[in-house]
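Coordinates as given in entry-v8.txt (compact mmCIF, C-alpha atoms):
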```txt
# COMPACT_ATOMS: atom_id res chain seq x y z
CA MET A 1 82.54 -19.81 14.06
CA THR A 2 81.85 -17.05 11.60
CA SER A 3 79.39 -17.19 8.72
CA MET A 4 81.42 -14.70 6.67
CA LEU A 5 84.11 -17.20 5.68
CA ARG A 6 84.57 -17.79 1.97
CA PHE A 7 85.64 -21.23 0.81
CA THR A 8 87.16 -22.17 -2.50
CA ASP A 9 86.06 -25.81 -2.39
CA LEU A 10 83.71 -27.22 0.19
CA ALA A 11 83.52 -30.76 -1.15
CA LEU A 12 84.62 -33.30 1.46
CA GLY A 13 85.83 -36.87 1.18
CA GLU A 14 85.03 -39.41 3.90
CA LEU A 15 88.49 -39.07 5.51
CA GLU A 16 88.17 -35.28 5.59
CA ARG A 17 84.73 -35.62 7.16
CA ASP A 18 86.12 -37.97 9.85
CA VAL A 19 89.01 -35.58 10.55
CA LEU A 20 86.54 -32.74 11.00
CA ASP A 21 84.40 -34.97 13.24
CA ALA A 22 87.45 -35.51 15.47
CA LEU A 23 88.18 -31.78 15.61
CA TRP A 24 84.55 -30.96 16.39
CA THR A 25 84.82 -33.26 19.40
CA GLU A 26 88.15 -31.94 20.71
CA PRO A 27 89.17 -28.27 20.76
CA ALA A 28 92.61 -28.88 19.18
CA LEU A 29 94.63 -31.91 18.05
CA THR A 30 98.07 -32.69 16.63
CA PRO A 31 98.34 -34.82 13.46
CA GLY A 32 99.42 -37.73 15.64
CA GLU A 33 96.33 -37.41 17.81
CA VAL A 34 94.06 -37.15 14.76
CA HIS A 35 95.78 -40.23 13.33
CA ALA A 36 95.12 -42.15 16.56
CA ARG A 37 91.41 -41.33 16.35
CA VAL A 38 90.82 -41.50 12.58
CA GLY A 39 93.83 -43.05 10.85
CA GLN A 40 94.56 -46.12 12.96
CA PRO A 41 91.03 -47.57 12.75
CA ARG A 42 91.29 -47.22 8.95
CA GLY A 43 94.82 -48.60 8.80
CA ILE A 44 96.20 -45.53 7.02
CA SER A 45 99.49 -43.72 7.65
CA VAL A 46 100.11 -40.48 9.53
CA ASN A 47 101.17 -38.91 6.21
CA THR A 48 97.73 -39.56 4.70
CA VAL A 49 96.07 -37.96 7.73
CA GLN A 50 98.48 -35.03 7.51
CA SER A 51 97.54 -34.55 3.84
CA ALA A 52 93.85 -34.46 4.77
CA LEU A 53 94.58 -31.91 7.52
CA LYS A 54 96.52 -29.76 5.04
CA ARG A 55 93.68 -29.91 2.48
CA LEU A 56 91.14 -28.86 5.12
CA PHE A 57 93.47 -26.04 6.23
CA GLU A 58 93.79 -24.86 2.62
CA LYS A 59 90.00 -24.96 2.23
CA GLY A 60 89.75 -22.62 5.22
CA LEU A 61 87.93 -25.15 7.38
CA LEU A 62 90.78 -25.65 9.88
CA GLY A 63 93.20 -23.30 11.61
CA ARG A 64 96.61 -24.31 12.94
CA GLU A 65 99.31 -23.08 15.26
CA LYS A 66 102.89 -24.23 15.49
CA VAL A 67 103.63 -25.59 18.93
CA SER A 68 107.23 -26.71 19.34
CA HIS A 69 107.93 -28.54 16.04
CA ALA A 70 104.43 -29.66 15.14
CA TYR A 71 101.21 -27.99 14.06
CA VAL A 72 98.17 -28.16 16.30
CA TYR A 73 94.91 -28.01 14.32
CA HIS A 74 91.52 -26.67 15.34
CA ALA A 75 88.16 -26.33 13.53
CA LEU A 76 87.24 -22.90 12.17
CA VAL A 77 83.63 -23.77 11.38
CA SER A 78 80.98 -25.80 13.21
CA ARG A 79 79.19 -28.73 11.61
CA ALA A 80 75.97 -26.70 11.34
CA GLU A 81 77.78 -23.76 9.75
CA LEU A 82 79.47 -26.03 7.20
CA GLN A 83 76.11 -27.65 6.36
CA ARG A 84 74.65 -24.19 5.87
CA GLN A 85 77.56 -23.20 3.64
CA LEU A 86 77.11 -26.35 1.55
CA LEU A 87 73.41 -25.63 1.09
CA GLY A 88 74.40 -22.11 0.02
CA GLU A 89 77.00 -23.57 -2.36
CA ILE A 90 74.35 -25.79 -3.96
CA ASP A 91 72.18 -22.71 -4.35
CA ALA A 92 74.96 -20.59 -5.84
CA GLN A 93 76.19 -23.16 -8.33
CA PHE A 94 72.93 -24.56 -9.53
CA SER A 95 70.41 -21.76 -9.24
CA ASP A 96 70.18 -21.51 -13.03
CA GLN A 97 68.92 -25.07 -13.35
CA SER A 98 65.40 -26.32 -13.01
CA SER A 99 66.30 -29.34 -10.90
CA SER A 100 69.18 -30.99 -9.15
CA THR A 101 70.77 -34.16 -10.49
CA PHE A 102 72.00 -35.49 -7.17
CA LEU A 103 69.48 -34.22 -4.67
CA ALA A 104 65.68 -34.46 -4.66
CA ALA A 105 64.03 -32.29 -2.00
CA PHE A 106 60.56 -32.89 -0.53
CA LEU A 107 59.92 -29.18 -0.88
CA ASP A 108 62.49 -27.05 -2.64
CA LEU A 109 64.64 -24.72 -0.61
CA ALA A 110 63.11 -21.80 -2.46
CA GLU A 111 59.55 -22.97 -1.99
CA GLU A 112 58.04 -19.81 -0.59
CA GLN A 113 54.36 -19.15 -1.10
CA GLY A 114 52.32 -16.07 -0.48
CA GLU A 115 49.69 -16.07 2.26
CA GLU A 116 46.94 -16.03 -0.36
CA THR A 117 48.20 -19.18 -2.07
CA MET A 118 48.58 -20.96 1.25
CA ARG A 119 45.03 -20.05 2.28
CA ARG A 120 43.67 -21.29 -1.04
CA LEU A 121 45.48 -24.62 -0.71
CA GLU A 122 44.33 -25.02 2.89
CA GLN A 123 40.73 -24.29 1.82
CA MET A 124 41.01 -26.93 -0.92
CA ILE A 125 42.16 -29.47 1.67
CA ALA A 126 39.44 -28.44 4.14
CA ALA A 127 36.79 -28.80 1.41
CA ARG A 128 38.09 -32.25 0.57
CA LEU A 129 38.06 -33.21 4.26
CA ARG A 130 34.42 -32.04 4.55
CA GLY A 131 33.58 -33.98 1.40
CA ASP A 132 35.19 -37.13 2.79
CA ALA A 133 33.38 -36.72 6.10
CA SER A 134 29.90 -36.22 4.59
CA MET B 135 81.51 -54.49 -43.13
CA ILE B 136 83.13 -51.03 -42.89
CA GLY B 137 80.88 -49.94 -45.73
CA LEU B 138 77.79 -50.98 -43.74
CA ILE B 139 79.03 -49.18 -40.61
CA GLN B 140 79.70 -46.12 -42.77
CA MET B 141 76.20 -46.19 -44.23
CA LEU B 142 74.49 -46.83 -40.90
CA SER B 143 76.39 -44.08 -39.05
CA PHE B 144 75.60 -41.66 -41.89
CA ALA B 145 71.91 -42.64 -41.79
CA ALA B 146 71.85 -42.45 -37.97
CA SER B 147 73.38 -38.96 -37.98
CA LEU B 148 70.80 -37.78 -40.54
CA LEU B 149 68.03 -39.24 -38.40
CA ALA B 150 69.48 -37.69 -35.23
CA PHE B 151 69.68 -34.26 -36.84
CA GLY B 152 66.17 -34.55 -38.30
CA THR B 153 64.78 -35.65 -34.93
CA TRP B 154 66.61 -32.83 -33.18
CA LEU B 155 64.94 -30.33 -35.55
CA VAL B 156 61.52 -31.89 -34.92
CA VAL B 157 62.02 -31.77 -31.12
CA VAL B 158 63.21 -28.16 -31.25
CA ALA B 159 60.21 -27.16 -33.37
CA LEU B 160 57.46 -29.27 -31.84
CA ALA B 161 58.35 -30.31 -28.26
CA PRO B 162 55.24 -29.69 -26.13
CA THR B 163 55.42 -27.05 -23.42
CA HIS B 164 52.36 -28.15 -21.47
CA ALA B 165 51.06 -31.55 -20.47
CA PRO B 166 47.47 -32.50 -21.27
CA ALA B 167 45.14 -31.93 -18.33
CA GLY B 168 44.27 -35.02 -16.32
CA ALA B 169 47.28 -37.07 -17.40
CA SER B 170 48.91 -39.11 -14.64
CA ALA B 171 52.36 -38.16 -13.36
CA ARG B 172 53.91 -41.36 -14.67
CA TRP B 173 52.39 -40.89 -18.14
CA ARG B 174 53.68 -37.31 -18.29
CA LEU B 175 57.10 -38.41 -17.08
CA ARG B 176 57.37 -41.03 -19.85
CA SER B 177 55.99 -38.73 -22.51
CA ARG B 178 58.38 -35.87 -21.66
CA ARG B 179 61.34 -38.22 -21.46
CA ALA B 180 60.37 -39.62 -24.87
CA TRP B 181 60.73 -36.08 -26.28
CA LEU B 182 63.91 -35.33 -24.35
CA TYR B 183 65.67 -38.51 -25.45
CA ALA B 184 64.22 -38.53 -28.99
CA PRO B 185 67.51 -37.44 -30.68
CA LEU B 186 69.07 -40.58 -29.15
CA TRP B 187 66.38 -43.26 -29.40
CA VAL B 188 64.90 -42.35 -32.78
CA PRO B 189 68.20 -42.95 -34.66
CA ALA B 190 68.68 -46.22 -32.72
CA VAL B 191 65.18 -47.42 -33.66
CA GLY B 192 65.72 -46.19 -37.22
CA VAL B 193 68.96 -48.16 -37.63
CA ALA B 194 67.29 -51.26 -36.19
CA ALA B 195 64.39 -50.79 -38.66
CA MET B 196 66.82 -50.42 -41.58
CA LEU B 197 68.52 -53.71 -40.72
CA THR B 198 65.35 -55.65 -39.88
CA PRO B 199 64.19 -56.73 -43.38
CA GLY B 200 67.56 -58.28 -44.19
CA LEU B 201 67.80 -59.98 -40.79
CA LEU B 202 64.23 -61.27 -40.82
CA GLY B 203 64.61 -62.49 -44.39
CA ALA B 204 67.68 -64.54 -43.43
CA LEU B 205 66.43 -65.80 -40.07
CA ILE B 206 62.78 -66.62 -40.76
CA THR B 207 62.39 -67.36 -44.44
CA SER B 208 66.03 -68.16 -45.32
CA ALA B 209 65.36 -65.97 -48.34
CA ASP B 210 67.92 -63.53 -49.65
CA HIS B 211 66.34 -60.16 -49.04
CA CYS B 212 68.77 -58.37 -51.34
CA LEU B 213 68.05 -60.65 -54.28
CA ASN B 214 64.32 -60.48 -53.59
CA ALA B 215 64.50 -56.71 -53.51
CA GLY B 216 65.87 -56.93 -57.00
CA ALA B 217 68.37 -54.15 -56.69
CA HIS B 218 72.11 -54.31 -56.41
CA HIS B 219 73.10 -50.77 -55.76
CA ALA B 220 76.00 -49.89 -53.49
CA HIS B 221 74.08 -48.99 -50.34
CA HIS B 222 72.17 -52.13 -49.46
CA LEU B 223 71.58 -52.06 -45.70
CA CYS B 224 72.05 -55.75 -45.19
CA LEU B 225 74.37 -57.71 -42.90
CA ALA B 226 74.61 -60.60 -45.37
CA HIS B 227 75.65 -58.36 -48.25
CA PRO B 228 77.34 -55.35 -46.71
CA PRO B 229 77.98 -52.53 -49.15
CA HIS B 230 81.50 -51.73 -50.31
CA THR B 231 83.25 -48.85 -48.64
CA ALA B 232 81.87 -45.81 -50.34
CA HIS B 233 84.88 -43.53 -49.78
CA GLN B 234 82.55 -40.55 -49.81
CA LEU B 235 83.76 -37.85 -47.44
CA ALA B 236 80.21 -36.85 -46.50
CA ALA B 237 79.51 -40.31 -45.13
CA TRP B 238 82.20 -39.79 -42.46
CA VAL B 239 81.97 -36.03 -42.00
CA ALA B 240 78.28 -35.92 -40.94
CA PRO B 241 78.58 -38.50 -38.12
CA THR B 242 81.92 -37.06 -36.98
CA LEU B 243 80.52 -33.53 -36.75
CA LEU B 244 77.44 -34.75 -34.90
CA LEU B 245 79.44 -36.90 -32.49
CA GLY B 246 81.84 -34.01 -31.87
CA PHE B 247 78.97 -31.66 -31.04
CA ALA B 248 77.32 -34.25 -28.79
CA ALA B 249 80.60 -35.09 -27.02
CA ALA B 250 81.31 -31.41 -26.29
CA ALA B 251 77.79 -30.86 -24.92
CA LEU B 252 77.90 -34.02 -22.83
CA TYR B 253 81.34 -33.14 -21.45
CA ARG B 254 80.04 -29.76 -20.25
CA ALA B 255 77.00 -31.44 -18.69
CA ALA B 256 79.10 -34.15 -17.02
CA ARG B 257 81.39 -31.54 -15.43
CA THR B 258 78.43 -29.64 -13.97
CA ILE B 259 76.79 -32.81 -12.71
CA TRP B 260 80.03 -34.07 -11.15
CA ARG B 261 80.57 -30.77 -9.31
CA GLU B 262 77.03 -30.94 -7.99
CA ARG B 263 77.55 -34.54 -6.91
CA ARG B 264 80.64 -33.65 -4.86
CA ILE B 265 78.85 -30.88 -2.98
CA ALA B 266 75.64 -32.84 -2.33
CA LEU B 267 77.61 -35.89 -1.21
CA SER B 268 79.61 -33.72 1.20
CA LEU B 269 76.36 -32.40 2.66
CA ALA B 270 75.09 -35.97 3.14
CA ARG B 271 78.38 -36.97 4.81
CA LEU B 272 77.99 -34.17 7.34
CA GLY B 273 74.60 -35.47 8.51
CA ARG B 274 74.43 -37.52 11.70
CA PRO B 275 72.98 -41.05 11.40
CA SER B 276 69.35 -41.22 12.52
CA THR B 277 67.50 -43.89 14.46
CA LEU B 278 64.40 -43.34 12.29
CA ALA B 279 65.52 -45.75 9.56
CA ASP B 280 68.58 -47.05 7.78
CA GLY B 281 70.05 -44.60 5.32
CA VAL B 282 68.55 -41.55 7.05
CA ARG B 283 70.84 -38.73 8.23
CA VAL B 284 70.03 -35.57 10.15
CA LEU B 285 71.35 -32.08 9.44
CA GLU B 286 71.69 -29.50 12.24
CA GLN B 287 69.62 -26.93 10.39
CA PRO B 288 66.56 -25.03 11.68
CA LEU B 289 64.85 -24.93 8.26
CA PRO B 290 62.24 -27.70 7.86
CA TRP B 291 63.69 -29.55 4.87
CA ALA B 292 64.08 -33.10 3.56
CA ALA B 293 65.89 -34.51 0.54
CA THR B 294 67.22 -37.68 -1.01
CA VAL B 295 70.87 -37.52 -2.02
CA GLY B 296 72.86 -39.91 -4.20
CA TRP B 297 72.61 -42.16 -7.21
CA SER B 298 73.37 -45.79 -6.39
CA ARG B 299 72.74 -45.89 -2.61
CA PRO B 300 70.66 -42.77 -1.91
CA THR B 301 70.70 -41.22 1.58
CA ILE B 302 67.65 -39.45 3.01
CA LEU B 303 68.48 -36.15 4.68
CA LEU B 304 66.18 -34.57 7.27
CA THR B 305 66.83 -31.37 9.16
CA GLU B 306 66.42 -30.94 12.93
CA GLY B 307 63.95 -28.17 12.14
CA LEU B 308 61.76 -30.71 10.38
CA LEU B 309 62.05 -33.36 13.10
CA HIS B 310 61.20 -30.89 15.85
CA ARG B 311 58.28 -29.16 14.18
CA ALA B 312 56.55 -31.52 11.76
CA SER B 313 53.75 -33.76 13.02
CA PRO B 314 54.37 -37.54 13.13
CA ALA B 315 51.89 -38.05 10.27
CA THR B 316 53.73 -35.52 8.11
CA LEU B 317 57.07 -37.10 8.95
CA GLN B 318 55.70 -40.47 7.83
CA VAL B 319 54.58 -38.95 4.52
CA ILE B 320 57.97 -37.32 3.99
CA LEU B 321 59.85 -40.54 4.68
CA ALA B 322 57.55 -42.42 2.27
CA HIS B 323 58.04 -39.73 -0.40
CA GLU B 324 61.82 -39.72 -0.04
CA ALA B 325 61.94 -43.54 0.04
CA ALA B 326 60.05 -43.47 -3.27
CA HIS B 327 62.76 -41.20 -4.75
CA ALA B 328 65.40 -43.64 -3.53
CA ALA B 329 63.58 -46.73 -4.84
CA ARG B 330 62.93 -45.13 -8.23
CA ARG B 331 66.59 -44.01 -8.57
CA ASP B 332 65.24 -40.55 -9.36
CA ASN B 333 68.53 -38.73 -8.86
CA LEU B 334 70.37 -41.00 -11.28
CA LEU B 335 67.60 -40.58 -13.86
CA ALA B 336 67.66 -36.81 -13.27
CA ALA B 337 71.39 -36.81 -14.06
CA LEU B 338 70.74 -38.70 -17.31
CA ASP B 339 67.90 -36.28 -18.11
CA ARG B 340 70.28 -33.36 -17.65
CA LEU B 341 72.86 -35.01 -19.92
CA ALA B 342 70.25 -35.46 -22.65
CA ALA B 343 68.98 -31.91 -22.11
CA TYR B 344 72.41 -30.50 -22.93
CA LEU B 345 71.91 -31.75 -26.50
CA LEU B 346 68.94 -29.39 -26.92
CA PRO B 347 68.73 -25.59 -26.87
CA GLN B 348 68.08 -24.24 -23.36
CA ALA B 349 64.71 -22.76 -24.40
CA VAL B 350 63.47 -26.23 -25.42
CA ALA B 351 65.17 -28.28 -22.69
CA ALA B 352 64.20 -26.09 -19.69
CA PRO B 353 60.39 -26.54 -19.95
CA LEU B 354 60.84 -30.29 -20.56
CA LEU B 355 63.08 -30.59 -17.47
CA ASP B 356 60.63 -28.50 -15.41
CA GLU B 357 57.78 -30.82 -16.36
CA ILE B 358 59.87 -33.91 -15.69
CA ASP B 359 60.85 -32.50 -12.29
CA LEU B 360 57.21 -31.82 -11.37
CA ALA B 361 56.01 -35.20 -12.66
CA ARG B 362 58.79 -36.95 -10.72
CA GLU B 363 57.69 -35.26 -7.48
CA GLN B 364 54.05 -36.09 -8.21
CA ALA B 365 54.92 -39.74 -8.93
CA CYS B 366 56.61 -39.92 -5.51
CA ASP B 367 53.57 -38.22 -3.96
CA ASP B 368 51.45 -40.98 -5.56
CA ASP B 369 53.75 -43.66 -4.06
CA ALA B 370 53.64 -41.96 -0.65
CA ALA B 371 49.81 -41.74 -0.89
CA ARG B 372 49.62 -45.49 -1.51
CA GLN B 373 51.83 -46.12 1.51
CA VAL B 374 50.03 -43.83 3.98
CA GLY B 375 46.55 -44.71 2.77
CA GLY B 376 45.44 -41.73 0.70
CA ALA B 377 46.37 -38.62 -1.23
CA LEU B 378 44.87 -36.24 1.35
CA PRO B 379 47.51 -36.84 4.08
CA VAL B 380 50.21 -36.19 1.47
CA ALA B 381 48.59 -32.90 0.39
CA GLN B 382 48.26 -31.94 4.06
CA ALA B 383 51.92 -32.75 4.69
CA ILE B 384 53.08 -30.61 1.76
CA VAL B 385 51.02 -27.65 2.93
CA GLU B 386 52.12 -28.14 6.54
CA ILE B 387 55.80 -28.01 5.55
CA ALA B 388 55.20 -24.95 3.38
CA ARG B 389 53.49 -23.28 6.37
CA LEU B 390 56.43 -24.14 8.63
CA ARG B 391 58.75 -22.62 6.03
CA MET B 392 56.86 -19.33 6.25
CA ILE B 393 57.74 -19.03 9.94
CA ALA B 394 61.16 -20.69 9.67
CA PRO B 395 64.33 -18.59 9.91
CA PRO B 396 65.15 -17.18 6.47
CA VAL B 397 68.02 -18.89 4.71
CA GLY B 398 68.09 -16.92 1.46
CA LEU B 399 68.32 -20.02 -0.69
CA SER B 400 66.63 -20.40 -4.04
CA VAL B 401 67.67 -23.71 -5.52
CA LEU B 402 64.68 -24.95 -7.39
CA SER B 403 61.46 -23.82 -8.96
CA SER B 404 58.12 -23.91 -7.16
CA THR B 405 56.10 -27.12 -7.39
CA LEU B 406 53.89 -26.73 -4.31
CA GLU B 407 50.64 -25.63 -5.91
CA PRO B 408 50.48 -28.11 -8.83
CA ARG B 409 51.44 -30.95 -6.48
CA VAL B 410 48.62 -30.22 -4.01
CA ALA B 411 46.09 -29.65 -6.81
CA TYR B 412 47.16 -32.93 -8.46
CA LEU B 413 46.76 -34.89 -5.22
CA LEU B 414 43.29 -33.44 -4.60
CA SER B 415 42.05 -34.02 -8.15
CA ALA B 416 40.25 -37.15 -9.36
CA PRO B 417 42.21 -40.43 -9.77
CA HIS B 418 44.58 -40.08 -12.68
CA ASP B 419 45.73 -43.45 -13.87
CA ALA B 420 43.58 -44.87 -16.65
CA PRO B 421 45.21 -48.31 -17.22
CA TRP B 422 44.52 -48.25 -20.99
CA ARG B 423 46.25 -44.90 -21.29
CA ARG B 424 49.54 -46.23 -19.95
CA TYR B 425 49.99 -48.66 -22.80
CA ARG B 426 48.08 -47.00 -25.64
CA ALA B 427 50.98 -44.79 -26.74
CA LEU B 428 53.48 -47.66 -26.50
CA LEU B 429 51.21 -49.99 -28.48
CA LEU B 430 50.62 -47.36 -31.16
CA LEU B 431 54.36 -46.73 -31.44
CA ALA B 432 55.13 -50.44 -31.72
CA LEU B 433 52.50 -50.93 -34.45
CA LEU B 434 53.74 -47.88 -36.31
CA ALA B 435 57.34 -49.09 -36.10
CA LEU B 436 56.36 -52.54 -37.43
CA ALA B 437 54.39 -51.03 -40.30
CA CYS B 438 57.26 -48.71 -41.18
CA VAL B 439 60.10 -51.25 -41.19
CA GLY B 440 59.88 -52.19 -44.87
CA PRO B 441 59.24 -48.69 -46.29
CA MET B 442 61.90 -47.21 -43.99
CA HIS B 443 64.48 -49.75 -45.13
CA SER B 444 63.83 -49.03 -48.82
CA ALA B 445 63.52 -45.28 -48.35
CA SER B 446 66.82 -45.18 -46.42
CA GLU B 447 68.62 -47.07 -49.19
CA HIS B 448 67.26 -44.71 -51.83
CA LEU B 449 68.05 -41.63 -49.77
CA LEU B 450 71.61 -42.80 -49.11
CA HIS B 451 72.02 -43.48 -52.82
CA LEU B 452 70.77 -40.00 -53.69
CA LEU B 453 72.87 -38.22 -51.07
CA LEU B 454 76.12 -40.04 -51.71
CA HIS B 455 76.09 -39.99 -55.52
```
How does this structure look as structure tokens?
Amino acid sequence: MTSMLRFTDLALGELERDVLDALWTEPALTPGEVHARVGQPRGISVNTVQSALKRLFEKGLLGREKVSHAYVYHALVSRAELQRQLLGEIDAQFSDQSSSTFLAAFLDLAEEQGEETMRRLEQMIAARLRGDAS
Amino acid sequence: MIGLIQMLSFAASLLAFGTWLVVVALAPTHAPAGASARWRLRSRRAWLYAPLWVPAVGVAAMLTPGLLGALITSADHCLNAGAHHAHHLCLAHPPHTAHQLAAWVAPTLLLGFAAAALYRAARTIWRERRIALSLARLGRPSTLADGVRVLEQPLPWAATVGWSRPTILLTEGLLHRASPATLQVILAHEAAHAARRDNLLAALDRLAAYLLPQAVAAPLLDEIDLAREQACDDDAARQVGGALPVAQAIVEIARLRMIAPPVGLSVLSSTLEPRVAYLLSAPHDAPWRRYRALLLLALLALACVGPMHSASEHLLHLLLH
């Protein structure tokens, strides 16, 4: 689970997310096994699941080995690592903009204040608390 | 009728270009002190969207005398006006097709410029949507509330993601380290974003901003972003019973960030200080202030309908002959 991986496209559809979920639960699965866990409940074909596996492999999120005549897939990144990469992707693509158009954060990722600013804000709050109490 | 469409699109493109010049030259860079977040949000959006709404209002004003004359007094506005030139802006007596090249070229050029800018903006926004949606999909459902998902990240962080059915994202770092009171404030703040459809409006703001030069659009977007956060702080304050707990929550999260593992991310600009100062200042919303600007604008528009109609007809006549 390395953090040095570079991905061309990290965007995930719901099927791709479910496939990854299955491969984060099991160490390695064949397309048939992934289909049994993810495809059958959705009523989709093995081919559709295979396409999703191939896309995830091409994105660098899955690895695969040929065993007999079929590929066996395994996850190359953990859920937490992928989340971290996505946050980094948001940062890299949109750092030149003042605000996001799809994501509103309580405090921005970059919100870093100096000790002096923090002390001043805490003093303002303390003064207000004293004022409310008196 | 084609003649009327030709005249109106020509007039609308002139108005759009004129408004664009006014916004570029005069758009304010700082909000007046003491204004409420909602007032600032509306005022900045009025500037940002001016190149779109001013031409729309202008076209409506140009058509109003003819429409009112026919609907209310059954009088023929064109005959009453006593002029029968070729550019009467009237639905009952649409002008003949003018065949002037300028009348088509100006709107076509303007629409072409706007379409190119909006296409670039839409591509950026769509790319951002795909990434943010993927992040939301990777969160685990939470028992805290419907529509809340948890990310396995140590950084204390919360966000609302999505346009039509927003999802609230919280990190494990936040859940483990923030106090229950702070968590309540954060959920109230993020719920306010979701209820107000802030992300969808932010996407529309960005689209409109692409029509303006970056140097003019960036400060407007910064102010809109800050006012949006402050409006959600106001909503959260109403829900948790005061502005002070919200200010405390913001500072608490900022403190936790200082000791959180570094992530090296720098997505957005800093809003911490103005948000805390705003929450701790005196009450902001003067009820009269909310409607004063709207009322003034409505009165001004009503007073200008007749002169605007006549002036537009004369201007079109001058420009196209």
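You can rank A:Asp91, A:Asp132, A:Glu116, A:Asp18 by their closest distance to chain B using all atoms listed in the file, and at the top of that list sits A:Asp91.
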Distance query range 181-198 of chain B at most 6 Å, all atoms listed in the file, self and fewer than 6 positions along chain excluded, as a list in words: Ala146, Leu149, Ala150, Thr153, Trp154, Val439 and His443 of chain B
Show which residues sit within 8 Å of range 71-88 of chain A, as a PyMOL selection string. Count all atoms listed in the file, and ignore same-chain residues fewer than 2 positions away. (chain A and resi 1-3+10+20+23-24+27-31+53+60-67+69+90-92) or (chain B and resi 265-266+268-269+272+285-287+399)
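Restricting the calculation to all atoms listed in the file, the smallest distance between chain A and any of B:Ala383, B:Arg372, B:Val295, B:Ala326 is found for B:Val295.
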When you look at Ala104 in chain A with a cut-off of 7 Å (counting all atoms listed in the file), what residues show up, excluding the ones that are within fewer than 6 positions of it in the same chain? I need them as a VMD selection string. chain B and resid 293 to 295 333
Now that the selection is made, can you save its residues with C-alpha atoms as a PDB file, in the frame of the given file?
```
ATOM      1  CA  ALA B 293      65.890 -34.510   0.540  1.00  0.00           C
ATOM      2  CA  THR B 294      67.220 -37.680  -1.010  1.00  0.00           C
ATOM      3  CA  VAL B 295      70.870 -37.520  -2.020  1.00  0.00           C
ATOM      4  CA  ASN B 333      68.530 -38.730  -8.860  1.00  0.00           C
TER       5      ASN B 333
END
```
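One finds CA of Arg174 in chain B at 20.8 Å from CA of Leu345 in chain B.
Between chain B and the residues A:Arg119, A:Arg42, A:Lys59, A:Lys54, the shortest atom-to-atom distance, using only C-alpha atoms, involves A:Arg119.
For the atom pair formed by CA of Ala352 in chain B and CA of Ala336 in chain B, the distance is 13.0 Å, given to one decimal.
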Edge lengths and centre in Å, axis-aligned, range 438-441 of chain B plus 4 Å each side, as JSON:
```
{"center_x": 58.7, "center_y": -50.4, "center_z": -43.7, "size_x": 10.8, "size_y": 11.5, "size_z": 13.1}
```
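Across the structure, CA of Glu33 in chain A and CA of Gly273 in chain B are spaced 23.7 Å apart.
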